[in-house]
>>> print(open('model_28.tsv').read())   # TSV, C-alpha atoms
chain	number	residue	atom	x	y	z
A	1	MET	CA	19.16	29.80	12.44
A	2	THR	CA	16.25	27.83	11.02
A	3	ILE	CA	16.97	24.62	9.15
A	4	ILE	CA	14.65	24.37	6.16
A	5	ALA	CA	14.33	20.84	4.80
A	6	ALA	CA	11.92	18.87	2.63
A	7	ALA	CA	11.00	15.32	3.63
A	8	ASP	CA	9.43	12.79	1.28
A	9	GLY	CA	8.82	9.10	0.73
A	10	SER	CA	8.22	6.80	-2.21
A	11	ALA	CA	6.92	3.26	-2.61
A	12	LEU	CA	6.76	1.49	-5.95
A	13	GLY	CA	3.50	-0.46	-5.93
A	14	ASN	CA	2.72	0.82	-2.43
A	15	PRO	CA	3.43	-1.40	-0.69
A	16	GLY	CA	6.59	-2.34	-2.53
A	17	PRO	CA	10.23	-1.28	-2.75
A	18	ALA	CA	10.30	1.93	-0.72
A	19	GLY	CA	12.57	4.90	-0.16
A	20	TRP	CA	12.71	8.02	1.96
A	21	ALA	CA	14.75	11.20	1.86
A	22	TRP	CA	15.16	14.61	3.42
A	23	TYR	CA	16.89	17.43	1.61
A	24	VAL	CA	18.34	20.80	2.66
A	25	ASN	CA	20.71	21.36	-0.26
A	26	ASP	CA	22.98	19.35	-2.52
A	27	SER	CA	25.60	19.00	0.21
A	28	CYS	CA	23.13	18.28	3.01
A	29	TRP	CA	20.66	15.43	2.48
A	30	ARG	CA	20.06	11.80	3.38
A	31	ALA	CA	18.11	8.88	1.95
A	32	GLY	CA	17.35	5.27	2.75
A	33	GLY	CA	14.70	2.64	2.30
A	34	TRP	CA	13.52	-0.96	2.53
A	35	PRO	CA	12.76	-3.84	0.17
A	36	HIS	CA	9.09	-3.58	1.13
A	37	GLY	CA	7.26	-0.61	2.59
A	38	THR	CA	4.62	2.06	1.99
A	39	ASN	CA	4.56	5.72	1.09
A	40	ASN	CA	3.44	6.58	4.60
A	41	GLN	CA	6.33	4.68	6.15
A	42	GLY	CA	8.74	6.48	3.84
A	43	GLU	CA	7.29	9.89	4.67
A	44	LEU	CA	7.43	9.20	8.41
A	45	MET	CA	10.96	7.79	8.25
A	46	ALA	CA	12.20	10.84	6.37
A	47	VAL	CA	10.91	13.11	9.14
A	48	LEU	CA	12.26	10.82	11.86
A	49	ASP	CA	15.73	10.70	10.33
A	50	LEU	CA	15.74	14.48	9.90
A	51	PHE	CA	15.11	14.92	13.61
A	52	ARG	CA	17.78	12.33	14.45
A	53	SER	CA	20.30	13.80	12.03
A	54	THR	CA	19.92	17.25	13.61
A	55	ALA	CA	19.78	16.07	17.22
A	56	HIS	CA	23.29	17.45	17.80
A	57	VAL	CA	21.98	20.97	17.10
A	58	PRO	CA	18.83	20.99	19.25
A	59	HIS	CA	18.83	24.78	19.49
A	60	GLU	CA	18.21	25.09	15.76
A	61	GLU	CA	14.56	25.25	14.72
A	62	LEU	CA	13.40	22.89	11.97
A	63	LYS	CA	11.07	24.01	9.21
A	64	ILE	CA	9.92	20.81	7.51
A	65	LEU	CA	8.33	20.97	4.08
A	66	CYS	CA	6.08	17.99	3.59
A	67	ASP	CA	3.53	17.02	0.93
A	68	SER	CA	1.84	14.44	3.17
A	69	GLN	CA	-1.01	15.81	5.25
A	70	TYR	CA	-1.17	12.41	6.95
A	71	VAL	CA	2.33	12.86	8.35
A	72	ILE	CA	1.73	16.46	9.39
A	73	ASN	CA	-1.47	15.55	11.21
A	74	CYS	CA	0.09	12.50	12.86
A	75	ILE	CA	2.82	14.59	14.45
A	76	THR	CA	1.00	17.86	15.15
A	77	LYS	CA	-2.52	16.68	16.00
A	78	TRP	CA	-3.14	13.01	16.57
A	79	MET	CA	-0.18	11.52	18.43
A	80	PRO	CA	-1.05	12.94	21.87
A	81	GLY	CA	-4.55	11.45	21.65
A	82	TRP	CA	-3.28	8.11	20.42
A	83	LYS	CA	-0.76	7.99	23.27
A	84	ARG	CA	-3.49	8.61	25.82
A	85	LYS	CA	-5.41	5.68	24.36
A	86	GLY	CA	-2.41	3.35	24.42
A	87	TRP	CA	-1.60	4.01	20.77
A	88	ARG	CA	-5.04	2.99	19.66
A	89	LYS	CA	-7.62	4.80	17.58
A	90	ALA	CA	-10.98	5.95	18.85
A	91	ASP	CA	-12.53	2.64	17.70
A	92	GLY	CA	-9.98	0.66	19.70
A	93	LYS	CA	-8.00	-0.52	16.67
A	94	PRO	CA	-4.22	-0.21	16.84
A	95	VAL	CA	-2.59	2.77	15.18
A	96	LEU	CA	-0.70	1.89	12.01
A	97	ASN	CA	3.04	2.60	11.69
A	98	VAL	CA	3.16	2.74	15.47
A	99	ASP	CA	6.90	1.92	15.74
A	100	LEU	CA	7.83	4.89	13.58
A	101	LEU	CA	5.39	7.16	15.37
A	102	LYS	CA	6.75	6.20	18.78
A	103	ASP	CA	10.28	6.94	17.60
A	104	ILE	CA	9.19	10.31	16.25
A	105	ASP	CA	7.40	11.05	19.51
A	106	GLN	CA	10.70	10.58	21.34
A	107	ALA	CA	12.78	12.44	18.75
A	108	ILE	CA	10.73	15.64	18.88
A	109	VAL	CA	10.98	16.09	22.65
A	110	GLY	CA	12.48	19.50	23.35
A	111	ARG	CA	12.76	20.40	19.68
A	112	LYS	CA	11.28	23.44	17.98
A	113	TYR	CA	9.80	22.67	14.60
A	114	THR	CA	7.34	23.94	12.04
A	115	PHE	CA	5.61	21.95	9.32
A	116	GLU	CA	4.63	23.54	6.04
A	117	TRP	CA	2.45	21.63	3.61
A	118	VAL	CA	3.57	21.83	0.00
A	119	ARG	CA	1.84	20.31	-3.00
A	120	GLY	CA	3.77	17.35	-4.32
A	121	HIS	CA	4.93	17.14	-7.94
A	122	ALA	CA	4.27	20.86	-8.37
A	123	GLY	CA	7.79	22.08	-9.10
A	124	HIS	CA	8.81	22.98	-5.54
A	125	ASP	CA	12.61	22.72	-5.68
A	126	LEU	CA	13.25	21.18	-2.25
A	127	ASN	CA	10.26	18.86	-2.44
A	128	GLU	CA	11.27	17.66	-5.89
A	129	ALA	CA	14.83	17.05	-4.72
A	130	ALA	CA	13.66	14.95	-1.77
A	131	ASP	CA	11.17	13.08	-3.95
A	132	ASP	CA	13.84	12.30	-6.57
A	133	ARG	CA	16.17	10.84	-3.94
A	134	ALA	CA	13.47	8.80	-2.22
A	135	ARG	CA	12.32	7.39	-5.56
A	136	ALA	CA	15.91	6.60	-6.51
A	137	VAL	CA	16.28	4.41	-3.41
A	138	ALA	CA	12.97	2.67	-4.07
A	139	SER	CA	14.05	2.02	-7.66
A	140	ALA	CA	17.39	0.69	-6.45
A	141	TYR	CA	15.66	-1.85	-4.24
A	142	GLN	CA	13.39	-2.80	-7.12
A	143	GLN	CA	16.31	-3.29	-9.51
A	144	GLY	CA	18.79	-4.74	-7.04
A	145	THR	CA	21.29	-1.91	-7.46
A	146	ALA	CA	22.80	0.59	-5.04
A	147	ALA	CA	21.74	4.17	-4.47
A	148	PRO	CA	23.65	6.96	-2.66
A	149	SER	CA	22.42	7.70	0.83
A	150	GLY	CA	23.73	11.28	0.84
A	151	PRO	CA	26.27	13.22	2.87
A	152	GLY	CA	23.98	13.64	5.87
A	153	TYR	CA	23.87	16.70	8.12
A	154	PRO	CA	27.19	18.44	8.98
A	155	GLY	CA	28.55	17.36	12.33
A	156	THR	CA	27.03	13.89	12.40
A	157	ASP	CA	29.16	10.76	12.45
A	158	GLU	CA	27.49	9.10	9.47
A	159	PRO	CA	29.30	9.83	6.18
A	160	GLY	CA	27.55	9.44	2.86
A	161	GLN	CA	27.63	5.99	1.23
A	162	SER	CA	25.46	3.73	-0.84
A	163	VAL	CA	22.20	2.40	0.57
A	164	PRO	CA	22.65	-1.34	1.27
A	165	LEU	CA	20.02	-3.59	-0.29
A	166	ASN	CA	20.19	-6.60	2.03
A	167	ARG	CA	19.85	-5.20	5.55
A	168	SER	CA	18.34	-2.41	7.63
A	169	THR	CA	20.44	0.04	9.60
A	170	ARG	CA	19.98	3.42	11.19
A	171	GLN	CA	20.66	4.84	7.77
A	172	THR	CA	18.00	2.82	5.97
A	173	GLY	CA	15.22	3.15	8.49
A	174	PRO	CA	13.27	0.93	10.86
A	175	SER	CA	14.02	-2.74	11.21
A	176	ASP	CA	12.73	-5.34	8.77
A	177	ARG	CA	10.54	-6.57	11.57
A	178	ALA	CA	8.94	-3.16	11.97
A	179	VAL	CA	8.20	-3.03	8.25
A	180	ALA	CA	6.96	-6.60	8.05
A	181	VAL	CA	4.31	-6.23	10.73
A	182	GLU	CA	2.62	-3.34	8.93
A	183	PRO	CA	-0.49	-4.32	6.98
A	184	PRO	CA	-0.50	-3.46	3.27
A	185	SER	CA	-1.23	0.20	2.74
A	186	LEU	CA	-1.41	2.51	-0.24
A	187	PHE	CA	-1.17	6.22	-0.97
A	188	ASP	CA	0.28	9.17	1.05
A	189	GLY	CA	-2.45	9.04	3.71
A	190	ALA	CA	-3.78	5.52	3.32
A	191	ASP	CA	-3.12	4.67	6.97
A	192	ALA	CA	-6.22	6.53	8.05
A	193	GLN	CA	-7.30	6.76	11.66
A	194	ASP	CA	-10.57	8.00	13.09
A	195	GLU	CA	-8.91	11.29	13.96
A	196	ASP	CA	-7.69	11.64	10.36
A	197	LEU	CA	-11.23	12.22	9.26
A	198	THR	CA	-11.03	15.81	10.48
A	199	LEU	CA	-9.53	16.44	7.06
A	200	PHE	CA	-12.85	15.85	5.39
A	201	GLY	CA	-15.14	18.46	6.85
A	202	ASP	CA	-16.39	21.46	4.87
A	203	GLN	CA	-13.64	23.56	6.36
A	204	ASP	CA	-10.23	23.81	4.72
A	205	LEU	CA	-7.33	23.06	7.04
A	206	SER	CA	-4.20	25.14	6.55
A	207	TYR	CA	-0.77	23.59	7.02
A	208	GLU	CA	1.26	26.69	6.21
A	209	SER	CA	2.26	27.22	9.82
A	210	VAL	CA	1.77	24.10	11.92
A	211	ARG	CA	4.18	24.52	14.78
A	212	GLY	CA	5.32	22.01	17.34
A	213	THR	CA	7.34	22.23	20.51
A	214	GLY	CA	7.18	18.59	21.52
A	215	GLN	CA	4.11	19.45	23.60
A	216	ASP	CA	1.39	19.70	20.95
A	217	THR	CA	-2.19	19.71	22.11
A	218	PHE	CA	-4.56	17.18	20.65
A	219	ALA	CA	-7.47	18.47	18.60
A	220	GLU	CA	-10.65	16.49	18.96
A	221	PRO	CA	-12.02	15.19	15.66
A	222	GLU	CA	-14.43	17.49	13.88
A	223	THR	CA	-17.56	16.47	12.02
A	224	PHE	CA	-16.79	14.11	9.15
A	225	THR	CA	-18.33	14.88	5.79
A	226	GLU	CA	-18.36	11.86	3.52
A	227	PRO	CA	-16.42	12.42	0.28
A	228	THR	CA	-18.64	12.69	-2.75
A	229	LEU	CA	-16.63	10.34	-4.92
A	230	PHE	CA	-17.90	6.77	-4.85
A	231	ALA	CA	-20.66	7.63	-2.37
A	232	GLU	CA	-23.32	4.98	-1.76
A	233	PHE	CA	-23.76	2.49	-4.57
A	234	GLU	CA	-25.67	-0.77	-5.05
A	235	GLU	CA	-24.82	-1.83	-8.57
A	236	VAL	CA	-22.08	-4.41	-9.06
A	237	ALA	CA	-19.62	-3.95	-11.89
A	238	PRO	CA	-16.89	-6.20	-13.26
A	239	LEU	CA	-13.50	-5.91	-11.61
A	240	GLY	CA	-10.56	-5.06	-13.79
A	241	GLN	CA	-9.39	-3.02	-16.69
A	242	SER	CA	-11.32	-2.94	-19.92
A	243	GLY	CA	-13.80	-5.64	-20.84
A	244	GLY	CA	-15.50	-3.14	-23.18
A	245	SER	CA	-15.03	-2.73	-26.91
A	246	SER	CA	-13.79	0.86	-26.71
A	247	ASP	CA	-11.88	3.20	-24.43
A	248	GLU	CA	-15.14	4.87	-23.49
A	249	ASP	CA	-16.59	1.51	-22.44
A	250	THR	CA	-13.44	0.80	-20.44
A	251	VAL	CA	-13.69	4.10	-18.56
A	252	VAL	CA	-17.35	3.43	-17.69
A	253	LEU	CA	-16.42	-0.01	-16.33
A	254	LEU	CA	-13.54	1.41	-14.30
A	255	GLU	CA	-15.72	4.17	-12.83
A	256	ARG	CA	-18.28	1.56	-11.80
A	257	GLU	CA	-15.50	-0.50	-10.27
A	258	LEU	CA	-14.42	2.44	-8.14
A	259	LEU	CA	-17.97	2.73	-6.84
A	260	ARG	CA	-17.80	-0.72	-5.25
A	261	PRO	CA	-17.05	-0.85	-1.51
A	262	ASP	CA	-14.83	-3.92	-1.87
A	263	VAL	CA	-12.67	-2.04	-4.36
A	264	ARG	CA	-12.60	1.17	-2.30
A	265	GLY	CA	-11.42	-0.90	0.64
A	266	ASP	CA	-8.65	-2.47	-1.46
A	267	LEU	CA	-6.00	0.23	-1.40
A	268	GLY	CA	-3.76	-1.69	-3.77
A	269	ARG	CA	-6.40	-1.85	-6.48
A	270	THR	CA	-7.63	1.69	-5.95
A	271	GLY	CA	-4.06	2.91	-6.19
A	272	MET	CA	-3.90	1.57	-9.71
A	273	LEU	CA	-7.09	3.39	-10.68
A	274	LEU	CA	-6.48	6.84	-9.20
A	275	HIS	CA	-3.94	9.10	-10.87
A	276	PRO	CA	-1.12	10.31	-8.56
A	277	ASP	CA	-2.35	13.89	-9.06
A	278	PHE	CA	-6.02	13.07	-8.55
A	279	THR	CA	-8.20	15.78	-7.02
A	280	GLU	CA	-11.90	16.08	-6.28
A	281	ILE	CA	-14.19	19.04	-5.72
A	282	GLY	CA	-16.81	17.91	-3.24
A	283	SER	CA	-20.40	19.07	-3.00
A	284	SER	CA	-19.39	21.65	-0.38
A	285	GLY	CA	-16.70	23.10	-2.64
A	286	ARG	CA	-13.93	21.44	-0.63
A	287	ILE	CA	-10.94	20.36	-2.76
A	288	TRP	CA	-9.70	16.91	-1.81
A	289	SER	CA	-6.37	15.36	-2.67
A	290	ARG	CA	-5.90	11.68	-3.38
A	291	ASP	CA	-4.32	11.26	0.04
A	292	GLU	CA	-7.33	12.71	1.81
A	293	LEU	CA	-9.85	10.73	-0.19
A	294	MET	CA	-8.06	7.42	0.33
A	295	MET	CA	-7.83	7.98	4.07
A	296	ALA	CA	-11.57	8.52	4.22
A	297	LEU	CA	-12.55	5.63	1.96
A	298	GLU	CA	-10.37	3.15	3.81
A	299	ASP	CA	-12.36	3.62	7.00
A	300	ASN	CA	-15.70	4.37	5.39
A	301	PRO	CA	-16.07	2.67	1.96
A	302	GLY	CA	-19.82	3.32	1.92
A	303	GLU	CA	-22.32	1.43	-0.20
A	304	THR	CA	-22.98	1.16	-3.92
A	305	PRO	CA	-25.46	3.54	-5.62
A	306	GLU	CA	-27.28	3.17	-8.86
A	307	VAL	CA	-25.71	4.85	-11.86
A	308	GLU	CA	-27.21	6.45	-14.94
A	309	VAL	CA	-24.49	7.18	-17.49
A	310	ILE	CA	-25.14	10.42	-19.36
A	311	SER	CA	-22.14	10.55	-21.68
A	312	ALA	CA	-18.55	9.44	-22.17
A	313	ASP	CA	-16.81	11.93	-24.44
A	314	ARG	CA	-13.25	11.80	-25.70
A	315	ILE	CA	-11.82	15.29	-25.32
A	316	SER	CA	-8.32	14.39	-26.50
A	317	SER	CA	-6.44	11.30	-27.60
A	318	ASN	CA	-5.68	10.38	-23.99
A	319	THR	CA	-8.53	12.04	-22.07
A	320	ILE	CA	-12.18	11.05	-21.61
A	321	LEU	CA	-14.84	13.05	-19.78
A	322	LEU	CA	-17.47	10.86	-18.12
A	323	SER	CA	-20.77	12.38	-16.95
A	324	TYR	CA	-23.38	10.47	-14.99
A	325	ARG	CA	-26.10	10.66	-12.37
A	326	SER	CA	-25.95	8.66	-9.14
A	327	TYR	CA	-28.78	7.67	-6.85
A	328	GLY	CA	-28.19	6.90	-3.18
A	329	ARG	CA	-29.81	7.21	0.21
A	330	THR	CA	-29.01	10.92	0.35
A	331	GLY	CA	-30.57	11.59	-3.04
A	332	SER	CA	-29.22	12.03	-6.55
A	333	ALA	CA	-26.16	13.88	-7.78
A	334	LEU	CA	-24.67	14.87	-11.11
A	335	ARG	CA	-21.07	13.74	-11.44
A	336	SER	CA	-18.20	14.41	-13.79
A	337	SER	CA	-14.98	12.41	-13.98
A	338	ILE	CA	-11.92	13.00	-16.13
A	339	TRP	CA	-9.95	9.88	-17.02
A	340	VAL	CA	-6.50	10.09	-18.57
A	341	LEU	CA	-4.36	7.45	-20.25
A	342	ASP	CA	-1.28	7.21	-18.05
A	343	ASP	CA	1.50	4.88	-19.18
A	344	GLY	CA	-0.97	2.67	-21.03
A	345	ARG	CA	-3.53	2.56	-18.20
A	346	TRP	CA	-6.72	4.61	-17.77
A	347	ARG	CA	-6.63	6.41	-14.41
A	348	LEU	CA	-9.02	8.85	-12.77
A	349	ARG	CA	-7.54	12.35	-12.69
A	350	PHE	CA	-10.44	14.53	-11.48
A	351	HIS	CA	-13.94	14.14	-10.06
A	352	GLN	CA	-16.69	16.58	-9.13
A	353	SER	CA	-20.19	16.04	-7.75
A	354	THR	CA	-23.17	18.38	-7.54
A	355	PRO	CA	-26.23	17.27	-5.54
A	356	GLU	CA	-29.56	17.62	-7.30
A	357	LYS	CA	-32.21	19.47	-5.36
>>> encode(input="model_28.tsv", output="structure tokens")
Amino acid sequence: MTIIAAADGSALGNPGPAGWAWYVNDSCWRAGGWPHGTNNQGELMAVLDLFRSTAHVPHEELKILCDSQYVINCITKWMPGWKRKGWRKADGKPVLNVDLLKDIDQAIVGRKYTFEWVRGHAGHDLNEAADDRARAVASAYQQGTAAPSGPGYPGTDEPGQSVPLNRSTRQTGPSDRAVAVEPPSLFDGADAQDEDLTLFGDQDLSYESVRGTGQDTFAEPETFTEPTLFAEFEEVAPLGQSGGSSDEDTVVLLERELLRPDVRGDLGRTGMLLHPDFTEIGSSGRIWSRDELMMALEDNPGETPEVEVISADRISSNTILLSYRSYGRTGSALRSSIWVLDDGRWRLRFHQSTPEK
């Protein structure tokens, strides 16, 4: 029999109150969290706890549905290489979330598992169920209330109960110490490593059948193609929301802000500016998710180009289309950005760039 489960994480503020959950069905799921953590930590912990919760049935294959390409790549591609380097990246910097990754590395030994990437917030029943439970735990920590941790997997010795809000246990994830030592991080995928940049080539990577046996081979990084959004800028713009006399002015200021390397390197601030469902179509035709873009920009924020605004057109009461031309070392490009008003805040929902010949 194959166990099919979705695993997801949530962090309010990222970092902030965080939760994780895996879900098989309404009578088989588990959740936990911490007062302070990141999306990536939640995603990793959900997978780790799923392996631990099914350790008593090692003959059963796991099919894990996950909306985090960062997590999938960590487990199926990058961990063997990081281990060979002493859990360090190619540039010698330590791997983030290393405690969780080491625990996962031990938990998957001898297990058969398959990862399938699913798009988050797209109506996938199992993914939505896991997301709802992870977010409920994060909200509980934020509000100081209790949240159910779920019944667990049949045959384990951990009955369902409420997630405690003042301590860490096996049920709620890694120790407070493990969480505290992690540097602030934002977005599913913000903990980018050099090897993560294989996501950003012209090729599309498929996660529909990424299989592991505990003995995955490590794929060397492929050529990195710089994302088109926020590529090479030199003009400095004011930091912050608004400052203009109209919504159109505000959107122009926010777009310029996102073009600044210091802002692109600040995952907390960028997380407030990019919509959770942000996507980009790059110059090669590659479609990038917010996770992928943030992983790239964290390690390679680039420089600031010059900008020539063409137009800022309101296409609905809560949507503005911004068109502009950028000039950088690699030449000029025509760019389009769609900004939407999300809970009272303008956030970038879509971006596309076309190089000018």
>>> atom_distance(input="model_28.tsv", atom1="atom CA of A:Val95", atom2="atom CA of A:Gly81")
11.0 Å
>>> closest_residue(input="model_28.tsv", among="A:Glu306, A:Asp8, A:Asp342, A:Asp262", to="A:Ile72", atoms="only C-alpha atoms")
A:Asp8
>>> residues_around(input="model_28.tsv", residues="A:Glu60", least_positions_apart="6", cutoff="8 Å", atoms="all atoms listed in the file", output="ChimeraX atom specification")
/A:1-3,112
>>> atom_distance(input="model_28.tsv", atom1="atom CA of A:Lys89", atom2="atom CA of A:Thr114")
24.9 Å
>>> closest_atom_pairs(input="model_28.tsv", of="stretch 277-353 of chain A", to="stretch 244-255 of chain A", cutoff="12 Å", atoms="only C-alpha atoms", output="CSV")
residue,atom,partner,partner_atom,distance
A:Thr304,CA,A:Glu255,CA,11.9
A:Val307,CA,A:Glu255,CA,10.1
A:Glu308,CA,A:Val252,CA,10.7
A:Val309,CA,A:Val252,CA,8.1
A:Ile310,CA,A:Val252,CA,10.6
A:Ser311,CA,A:Glu248,CA,9.2
A:Ala312,CA,A:Glu248,CA,5.9
A:Asp313,CA,A:Glu248,CA,7.3
A:Arg314,CA,A:Glu248,CA,7.5
A:Ile315,CA,A:Glu248,CA,11.1
A:Ser316,CA,A:Asp247,CA,11.9
A:Ser317,CA,A:Asp247,CA,10.3
A:Asn318,CA,A:Asp247,CA,9.5
A:Thr319,CA,A:Asp247,CA,9.7
A:Ile320,CA,A:Glu248,CA,7.1
A:Leu321,CA,A:Glu248,CA,9.0
A:Leu322,CA,A:Val252,CA,7.4
A:Ser323,CA,A:Val252,CA,9.6
A:Tyr324,CA,A:Val252,CA,9.7
A:Ser326,CA,A:Glu255,CA,11.8
A:Arg335,CA,A:Glu255,CA,11.1
A:Ser336,CA,A:Glu255,CA,10.6
A:Ser337,CA,A:Glu255,CA,8.4
A:Ile338,CA,A:Val251,CA,9.4
A:Trp339,CA,A:Val251,CA,7.1
A:Val340,CA,A:Val251,CA,9.4
A:Leu341,CA,A:Asp247,CA,9.6
A:Gly344,CA,A:Asp247,CA,11.4
A:Arg345,CA,A:Val251,CA,10.3
A:Trp346,CA,A:Val251,CA,7.0
A:Arg347,CA,A:Val251,CA,8.5
A:Leu348,CA,A:Glu255,CA,8.2
A:Arg349,CA,A:Glu255,CA,11.6
A:Phe350,CA,A:Glu255,CA,11.7
A:His351,CA,A:Glu255,CA,10.5
>>> axis_aligned_box(input="model_28.tsv", around="stretch 117-128 of chain A", padding_each_side="3 Å", output="JSON")
{"center_x": 7.5, "center_y": 20.1, "center_z": -2.7, "size_x": 17.4, "size_y": 11.8, "size_z": 18.7}
>>> closest_residue(input="model_28.tsv", among="A:Val24, A:Leu274, A:Ala7, A:Ala129", to="A:Ala46", atoms="all atoms listed in the file")
A:Ala7
>>> atom_distance(input="model_28.tsv", atom1="atom CA of A:Val47", atom2="atom CA of A:Arg133")
14.3 Å
>>> closest_residue(input="model_28.tsv", among="A:Trp78, A:Ala31, A:Gln41, A:Leu65", to="A:Asp99", atoms="all atoms listed in the file")
A:Gln41
>>> residues_around(input="model_28.tsv", residues="A:Asp26", least_positions_apart="6", cutoff="12 Å", atoms="only C-alpha atoms", output="ChimeraX atom specification")
/A:5,125-126,129-130,133,150-153
>>> closest_residue(input="model_28.tsv", among="A:Thr270, A:Thr354, A:Asp132, A:Gly302", to="A:Arg329", atoms="all atoms listed in the file")
A:Gly302
>>> residues_around(input="model_28.tsv", residues="stretch 117-124 of chain A", least_positions_apart="2", cutoff="12 Å", atoms="all atoms listed in the file", output="PyMOL selection string")
chain A and resi 5-10+63-73+114-115+126-132+188+205-211+276-279+289-291
>>> closest_residue(input="model_28.tsv", among="A:Arg135, A:His275, A:Lys102, A:Arg111", to="A:Leu44", atoms="all atoms listed in the file")
A:Lys102
>>> closest_residue(input="model_28.tsv", among="A:Tyr327, A:Tyr113, A:Tyr141, A:Trp34", to="A:Pro58", atoms="all atoms listed in the file")
A:Tyr113
